[in-house]
Amino acid sequence: MRAMPLLVVAFPTLAEAEAESMSLPAHDLALLRLHEQSFGITLSAFTTCPCCGERLEFGLPLSALAATLSSAAQTARSFVHEGYALRLRLADSAAAAEAAMEPDLAAAETLLLDCCLHAADVNGSASPAEAPLHRALAR
Ligand SMILES: [Zn+2]
């Protein structure tokens with residue numbers, strides 16, 4: 001089952017559109033809370049040794065991951081770059097899903113920047129110069 005239906009079923013007051021518009025850290029934090037309620041305070045994980053392929057299993061405390069996601073979920077950044085006031089917000093699940101459908105990485109980057117970056121000139125209007133700014137920020 002995909003993550004979005006899980007969240008909507010687990011949190012009945014959450015509409016699917018609301019779940020899709022949650023920032024990715026907020027979305028992951030909700031999934032972490034669901035995991036905690038269902039399976040406890042430790043996330044079971046594994047990795048394989050790159051040399052011999054031996055499997056190593058270990059537990060991660062959810063509290064550390066939740067603290068990181070919680071602080072990241074609040075973040076929107078504003079800054080000035082070459083005379084433009086830029087506001088960068090975190091991607092949401094809908095944008096990530098759209099980006100995943102793009103034919104290549106460059107197209108996915110452009111889509112995410114279009115979705116997450118707002119640029120305005122000194123008069124506060126959206127600028128046609130956003131595309132060059134996108135390219136500068138993407139590299
Ligand atoms: Zn090994």
# chains A, B, ... in the order shown; residues from 1 in each chain; ligands from 1

call {"tool": "residues_around", "arguments": {"residues": "stretch 58-63 of chain A", "least_positions_apart": "3", "cutoff": "12 Å", "atoms": "only C-alpha atoms", "output": "PyMOL selection string"}}
result
chain A and resi 28-37+39-48+55+66-70

call {"tool": "residues_near_ligand", "arguments": {"ligand": "ligand 1", "cutoff": "6 Å", "atoms": "only C-alpha atoms and all ligand atoms", "output": "PDB file with C-alpha atoms, in the first residue's frame"}}
result
ATOM      1  CA  CYS A  49      28.091  -4.880   3.710  1.00  0.00           C
ATOM      2  CA  CYS A  51      32.354  -5.863   0.536  1.00  0.00           C
ATOM      3  CA  CYS A  52      30.908  -9.246   1.415  1.00  0.00           C
ATOM      4  CA  GLU A  54      26.604  -9.750   4.860  1.00  0.00           C
TER       5      GLU A  54
END

call {"tool": "closest_atom_pairs", "arguments": {"of": "stretch 45-96 of chain A", "to": "stretch 9-20 of chain A", "cutoff": "12 Å", "atoms": "only C-alpha atoms", "output": "tab-separated table"}}
result
residue	atom	partner	partner_atom	distance
A:Ala91	CA	A:Glu20	CA	10.2
A:Asp92	CA	A:Glu20	CA	6.4
A:Ser93	CA	A:Glu20	CA	5.0
A:Ala94	CA	A:Glu20	CA	5.2
A:Ala95	CA	A:Glu20	CA	8.5
A:Ala96	CA	A:Glu20	CA	9.6

call {"tool": "residues_around", "arguments": {"residues": "A:Gly83", "least_positions_apart": "3", "cutoff": "10 Å", "atoms": "only C-alpha atoms", "output": "list in words"}}
result
Val80, Leu86, Ala119, Ala120, Asp121 and Val122 of chain A

call {"tool": "residues_around", "arguments": {"residues": "A:Cys115", "least_positions_apart": "2", "cutoff": "9 Å", "atoms": "only C-alpha atoms", "output": "number ranges by chain"}}
result
A: 89, 91, 95, 110-113, 117-118
